[in-house]
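Asks: Below you'll find structure39.cif; it's mmCIF, C-alpha atoms.
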```
data_data
#
loop_
_atom_site.group_PDB
_atom_site.id
_atom_site.type_symbol
_atom_site.label_atom_id
_atom_site.label_comp_id
_atom_site.auth_asym_id
_atom_site.auth_seq_id
_atom_site.Cartn_x
_atom_site.Cartn_y
_atom_site.Cartn_z
ATOM 1 C CA MET A 1 0.000 0.000 0.000
ATOM 2 C CA THR A 2 1.447 3.373 -0.946
ATOM 3 C CA LYS A 3 2.029 6.076 1.635
ATOM 4 C CA ARG A 4 -0.560 8.244 -0.193
ATOM 5 C CA LYS A 5 -3.223 5.524 0.168
ATOM 6 C CA GLN A 6 -2.316 5.062 3.832
ATOM 7 C CA LEU A 7 -2.745 8.783 4.437
ATOM 8 C CA ILE A 8 -6.066 8.820 2.589
ATOM 9 C CA GLY A 9 -7.266 5.836 4.622
ATOM 10 C CA ALA A 10 -6.259 7.543 7.865
ATOM 11 C CA ALA A 11 -8.074 10.696 6.785
ATOM 12 C CA LEU A 12 -11.199 8.674 6.054
ATOM 13 C CA VAL A 13 -11.116 6.992 9.446
ATOM 14 C CA LEU A 14 -10.577 10.298 11.223
ATOM 15 C CA ALA A 15 -13.401 11.897 9.259
ATOM 16 C CA GLY A 16 -15.756 9.006 10.002
ATOM 17 C CA LEU A 17 -16.174 8.295 6.307
ATOM 18 C CA THR A 18 -14.890 4.727 6.222
ATOM 19 C CA GLY A 19 -17.898 3.513 4.233
ATOM 20 C CA SER A 20 -17.489 6.242 1.648
ATOM 21 C CA THR A 21 -15.143 6.529 -1.292
ATOM 22 C CA GLN A 22 -15.094 10.327 -1.093
ATOM 23 C CA LEU A 23 -13.190 12.803 0.997
ATOM 24 C CA LEU A 24 -13.082 16.551 1.222
ATOM 25 C CA ALA A 25 -10.319 18.124 -0.813
ATOM 26 C CA HIS A 26 -9.035 21.654 -0.185
ATOM 27 C CA GLY A 27 -11.877 24.133 -0.460
ATOM 28 C CA GLY A 28 -14.525 21.637 0.660
ATOM 29 C CA MET A 29 -14.871 20.010 -2.758
ATOM 30 C CA LEU A 30 -15.473 16.258 -2.984
ATOM 31 C CA ALA A 31 -12.847 14.049 -4.573
ATOM 32 C CA ASP A 32 -12.618 10.290 -5.128
ATOM 33 C CA ALA A 33 -10.401 8.798 -2.411
ATOM 34 C CA HIS A 34 -9.415 5.840 -4.609
ATOM 35 C CA ALA A 35 -7.955 8.004 -7.347
ATOM 36 C CA GLU A 36 -4.166 7.990 -7.490
ATOM 37 C CA GLU A 37 -4.207 11.786 -7.705
ATOM 38 C CA VAL A 38 -6.811 13.690 -5.709
ATOM 39 C CA GLN A 39 -8.028 16.466 -7.987
ATOM 40 C CA VAL A 40 -9.783 19.607 -6.846
ATOM 41 C CA LEU A 41 -12.995 20.072 -8.775
ATOM 42 C CA LYS A 42 -13.606 23.331 -10.620
ATOM 43 C CA GLU A 43 -15.373 25.845 -8.453
ATOM 44 C CA GLN A 44 -17.116 28.995 -9.668
ATOM 45 C CA LYS A 45 -15.676 32.071 -7.976
ATOM 46 C CA ASP A 46 -16.871 35.673 -8.096
ATOM 47 C CA TRP A 47 -13.967 36.416 -10.463
ATOM 48 C CA GLY A 48 -14.418 33.376 -12.763
ATOM 49 C CA ILE A 49 -13.529 29.710 -12.961
ATOM 50 C CA ALA A 50 -10.458 27.597 -13.766
ATOM 51 C CA GLY A 51 -9.994 27.426 -17.520
ATOM 52 C CA GLU A 52 -9.007 24.683 -19.922
ATOM 53 C CA ARG A 53 -5.644 24.837 -21.706
ATOM 54 C CA ASP A 54 -7.242 23.962 -25.041
ATOM 55 C CA GLN A 55 -9.684 26.892 -24.684
ATOM 56 C CA VAL A 56 -7.108 29.695 -24.174
ATOM 57 C CA ASP A 57 -7.957 32.891 -26.062
ATOM 58 C CA ARG A 58 -4.682 34.670 -25.297
ATOM 59 C CA THR A 59 -1.587 34.625 -23.124
ATOM 60 C CA ILE A 60 -0.537 37.428 -20.793
ATOM 61 C CA GLU A 61 2.949 37.487 -19.288
ATOM 62 C CA ILE A 62 3.232 38.833 -15.734
ATOM 63 C CA ARG A 63 6.651 39.716 -14.308
ATOM 64 C CA MET A 64 7.289 39.780 -10.550
ATOM 65 C CA THR A 65 10.100 41.646 -8.801
ATOM 66 C CA ASP A 66 11.594 42.034 -5.342
ATOM 67 C CA GLN A 67 10.550 45.699 -5.535
ATOM 68 C CA MET A 68 7.097 44.186 -4.763
ATOM 69 C CA ARG A 69 5.612 44.956 -8.154
ATOM 70 C CA PHE A 70 3.873 43.144 -10.991
ATOM 71 C CA THR A 71 4.384 44.205 -14.606
ATOM 72 C CA PRO A 72 1.852 44.821 -15.949
ATOM 73 C CA ASP A 73 -0.269 45.646 -12.916
ATOM 74 C CA ARG A 74 -3.406 46.712 -14.834
ATOM 75 C CA LEU A 75 -5.194 44.410 -17.272
ATOM 76 C CA GLN A 76 -8.382 44.414 -19.285
ATOM 77 C CA VAL A 77 -10.017 41.199 -20.487
ATOM 78 C CA ARG A 78 -13.284 40.466 -22.248
ATOM 79 C CA LEU A 79 -16.130 38.698 -20.509
ATOM 80 C CA GLY A 80 -15.889 34.994 -21.382
ATOM 81 C CA GLU A 81 -12.193 35.183 -22.289
ATOM 82 C CA THR A 82 -9.873 32.398 -21.133
ATOM 83 C CA ILE A 83 -6.440 33.742 -20.269
ATOM 84 C CA ARG A 84 -3.200 31.820 -19.830
ATOM 85 C CA PHE A 85 -1.159 33.831 -17.328
ATOM 86 C CA VAL A 86 2.555 33.126 -17.639
ATOM 87 C CA HIS A 87 4.442 34.324 -14.566
ATOM 88 C CA ARG A 88 8.140 35.111 -14.386
ATOM 89 C CA ASN A 89 9.817 35.827 -11.063
ATOM 90 C CA ASP A 90 12.739 38.166 -11.772
ATOM 91 C CA GLY A 91 13.545 38.433 -8.052
ATOM 92 C CA GLN A 92 15.568 36.536 -5.488
ATOM 93 C CA MET A 93 12.616 35.571 -3.253
ATOM 94 C CA LEU A 94 9.443 33.546 -3.622
ATOM 95 C CA HIS A 95 6.423 35.412 -5.009
ATOM 96 C CA GLU A 96 2.903 34.348 -5.865
ATOM 97 C CA PHE A 97 0.080 35.477 -8.115
ATOM 98 C CA VAL A 98 -3.387 35.132 -6.593
ATOM 99 C CA LEU A 99 -6.588 36.197 -8.383
ATOM 100 C CA GLY A 100 -9.592 37.313 -6.351
ATOM 101 C CA THR A 101 -11.745 40.076 -5.012
ATOM 102 C CA ARG A 102 -10.170 42.758 -2.848
ATOM 103 C CA PRO A 103 -11.970 41.564 0.351
ATOM 104 C CA MET A 104 -10.913 37.937 -0.273
ATOM 105 C CA LEU A 105 -7.305 38.949 -0.926
ATOM 106 C CA GLU A 106 -7.179 41.184 2.169
ATOM 107 C CA GLU A 107 -8.549 38.370 4.342
ATOM 108 C CA HIS A 108 -6.095 35.858 2.887
ATOM 109 C CA ALA A 109 -3.171 38.317 3.258
ATOM 110 C CA ALA A 110 -4.000 38.739 6.967
ATOM 111 C CA LEU A 111 -3.956 34.951 7.399
ATOM 112 C CA MET A 112 -0.593 34.734 5.646
ATOM 113 C CA VAL A 113 0.850 37.238 8.152
ATOM 114 C CA LYS A 114 -0.432 35.101 11.055
ATOM 115 C CA PHE A 115 0.606 31.800 9.444
ATOM 116 C CA PRO A 116 3.492 32.594 7.037
ATOM 117 C CA GLY A 117 4.196 28.932 6.277
ATOM 118 C CA MET A 118 0.562 28.220 5.358
ATOM 119 C CA GLU A 119 0.335 25.994 2.302
ATOM 120 C CA HIS A 120 -2.402 26.515 -0.238
ATOM 121 C CA ASP A 121 -2.965 25.307 -3.751
ATOM 122 C CA GLU A 122 -5.872 26.648 -5.758
ATOM 123 C CA PRO A 123 -6.376 26.943 -9.516
ATOM 124 C CA TYR A 124 -6.430 30.755 -9.223
ATOM 125 C CA LEU A 125 -2.904 31.065 -7.816
ATOM 126 C CA ALA A 126 0.680 30.333 -8.757
ATOM 127 C CA HIS A 127 3.727 30.120 -6.474
ATOM 128 C CA VAL A 128 6.841 31.177 -8.369
ATOM 129 C CA GLY A 129 10.316 30.644 -6.986
ATOM 130 C CA PRO A 130 13.253 32.986 -7.598
ATOM 131 C CA GLY A 131 14.210 33.004 -11.274
ATOM 132 C CA GLN A 132 11.404 30.552 -12.038
ATOM 133 C CA GLY A 133 8.179 30.635 -14.027
ATOM 134 C CA GLY A 134 4.637 29.519 -13.435
ATOM 135 C CA GLU A 135 1.239 29.720 -15.043
ATOM 136 C CA ILE A 136 -2.474 29.474 -14.518
ATOM 137 C CA VAL A 137 -5.383 29.308 -16.957
ATOM 138 C CA TRP A 138 -8.475 31.224 -15.925
ATOM 139 C CA THR A 139 -11.846 31.918 -17.562
ATOM 140 C CA PHE A 140 -13.351 35.289 -16.729
ATOM 141 C CA ASN A 141 -17.075 34.516 -16.898
ATOM 142 C CA ARG A 142 -18.144 37.377 -14.626
ATOM 143 C CA ALA A 143 -17.878 41.074 -15.511
ATOM 144 C CA GLY A 144 -16.419 43.486 -12.979
ATOM 145 C CA GLU A 145 -13.277 44.763 -11.324
ATOM 146 C CA PHE A 146 -11.068 42.121 -9.753
ATOM 147 C CA ASP A 147 -7.626 42.040 -8.238
ATOM 148 C CA PHE A 148 -4.458 39.987 -8.120
ATOM 149 C CA ALA A 149 -1.766 40.066 -5.489
ATOM 150 C CA CYS A 150 1.228 38.382 -3.929
ATOM 151 C CA LEU A 151 0.006 37.246 -0.518
ATOM 152 C CA ILE A 152 3.339 36.191 0.935
ATOM 153 C CA ALA A 153 3.652 37.927 4.316
ATOM 154 C CA GLY A 154 4.648 41.549 3.784
ATOM 155 C CA HIS A 155 4.429 41.532 -0.024
ATOM 156 C CA TYR A 156 0.741 42.514 -0.228
ATOM 157 C CA GLN A 157 1.286 45.134 2.457
ATOM 158 C CA ALA A 158 4.203 46.560 0.409
ATOM 159 C CA GLY A 159 1.889 47.076 -2.578
ATOM 160 C CA MET A 160 2.411 43.934 -4.668
ATOM 161 C CA VAL A 161 -1.055 44.138 -6.196
ATOM 162 C CA GLY A 162 -2.745 44.541 -9.556
ATOM 163 C CA ARG A 163 -6.185 45.082 -11.077
ATOM 164 C CA ILE A 164 -8.174 43.297 -13.793
ATOM 165 C CA SER A 165 -11.175 44.867 -15.510
ATOM 166 C CA VAL A 166 -13.482 42.296 -17.092
ATOM 167 C CA VAL A 167 -15.630 44.057 -19.674
ATOM 168 C CA ALA A 168 -18.574 42.885 -21.798
ATOM 169 C CA LYS A 169 -17.671 41.933 -25.379
#
```
Using structure tokens, write down the structure that the file contains.

Replies:
Amino acid sequence: MTKRKQLIGAALVLAGLTGSTQLLAHGGMLADAHAEEVQVLKEQKDWGIAGERDQVDRTIEIRMTDQMRFTPDRLQVRLGETIRFVHRNDGQMLHEFVLGTRPMLEEHAALMVKFPGMEHDEPYLAHVGPGQGGEIVWTFNRAGEFDFACLIAGHYQAGMVGRISVVAK
């Protein structure tokens, strides 16, 4: 039995779900416990939903620096557009790109200050090590003004933020 299956079995016992083949994945989504890889299901957010690579309408490159800035930091996309964000960390420290609403990002940033080692993995964020690259694919199926930020402790507070306007076609 693999260590992954042992951990899943222990989680099921602790959760009282021993008769079930499902467990809660991050974000409260259900996933099949017998799958070799537990996948987080797509979840509609106020700012859109995870996109499909074969549905990308365009690619936008986002650069990150240790001056706590994104370039570009203002974007406009069309409602319904699927964007492939390609991130490049030009700095010497870890950065991340997290899409969301301002209240959600502020709440998450406060948690990151309290728990700086907190691990999280969502389809609307990318962790990018020094000199490394990352990417996410996101479909903007809701019009409005949304934000992106680096939520590593201190980075958001230093102004590492950006804005996305999603406009009707």

Asks: Selection in question (the file shown): the PyMOL selection byres ((chain A and resi 45) around 12). Which residues does it include, as a VMD selection string?

Replies: chain A and resid 27 42 to 44 46 to 50 99 to 101 104 122 to 124 138 to 143 146

Asks: If the PyMOL selection byres ((chain A and resi 68) around 12) were run on this exact file, what residues would it hold? Put them as number ranges by chain.

Replies: A: 63-67, 69-71, 73, 89-97, 149-162

Asks: Which residues match the PyMOL selection byres ((chain A and resi 58) around 10) in the file above, as a ChimeraX atom specification?

Replies: /A:55-57,59-60,77,81-85,137

Asks: Output C-alpha atoms of each residue in that selection to a file, as a PDB file, keeping the file's coordinate frame.

Replies:
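In the end it all went to out_38.pdb:
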```
ATOM      1  CA  GLN A  55      -9.684  26.892 -24.684  1.00  0.00           C
ATOM      2  CA  VAL A  56      -7.108  29.695 -24.174  1.00  0.00           C
ATOM      3  CA  ASP A  57      -7.957  32.891 -26.062  1.00  0.00           C
ATOM      4  CA  THR A  59      -1.587  34.625 -23.124  1.00  0.00           C
ATOM      5  CA  ILE A  60      -0.537  37.428 -20.793  1.00  0.00           C
ATOM      6  CA  VAL A  77     -10.017  41.199 -20.487  1.00  0.00           C
ATOM      7  CA  GLU A  81     -12.193  35.183 -22.289  1.00  0.00           C
ATOM      8  CA  THR A  82      -9.873  32.398 -21.133  1.00  0.00           C
ATOM      9  CA  ILE A  83      -6.440  33.742 -20.269  1.00  0.00           C
ATOM     10  CA  ARG A  84      -3.200  31.820 -19.830  1.00  0.00           C
ATOM     11  CA  PHE A  85      -1.159  33.831 -17.328  1.00  0.00           C
ATOM     12  CA  VAL A 137      -5.383  29.308 -16.957  1.00  0.00           C
TER      13      VAL A 137
END
```

Asks: Calculate how many Å separate CA of Glu145 (chain A) from CA of Gln132 (chain A), rounding to one decimal.

Replies: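 According to the coordinates, CA of Glu145 (chain A) and CA of Gln132 (chain A) are separated by 28.5 Å.
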
Asks: Could you tell me how far CA of Val113 (chain A) lies from CA of Ile62 (chain A), in Å and to one decimal?

Replies: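 Going from CA of Val113 (chain A) over to CA of Ile62 (chain A) covers 24.1 Å.
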
Asks: Could you check which of A:His87, A:Val128, A:Gly144, A:Glu119 is closest to Val166 (chain A), using all atoms listed in the file?

Replies: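 Of the candidates, the smallest distance to Val166 (chain A) is held by A:Gly144.
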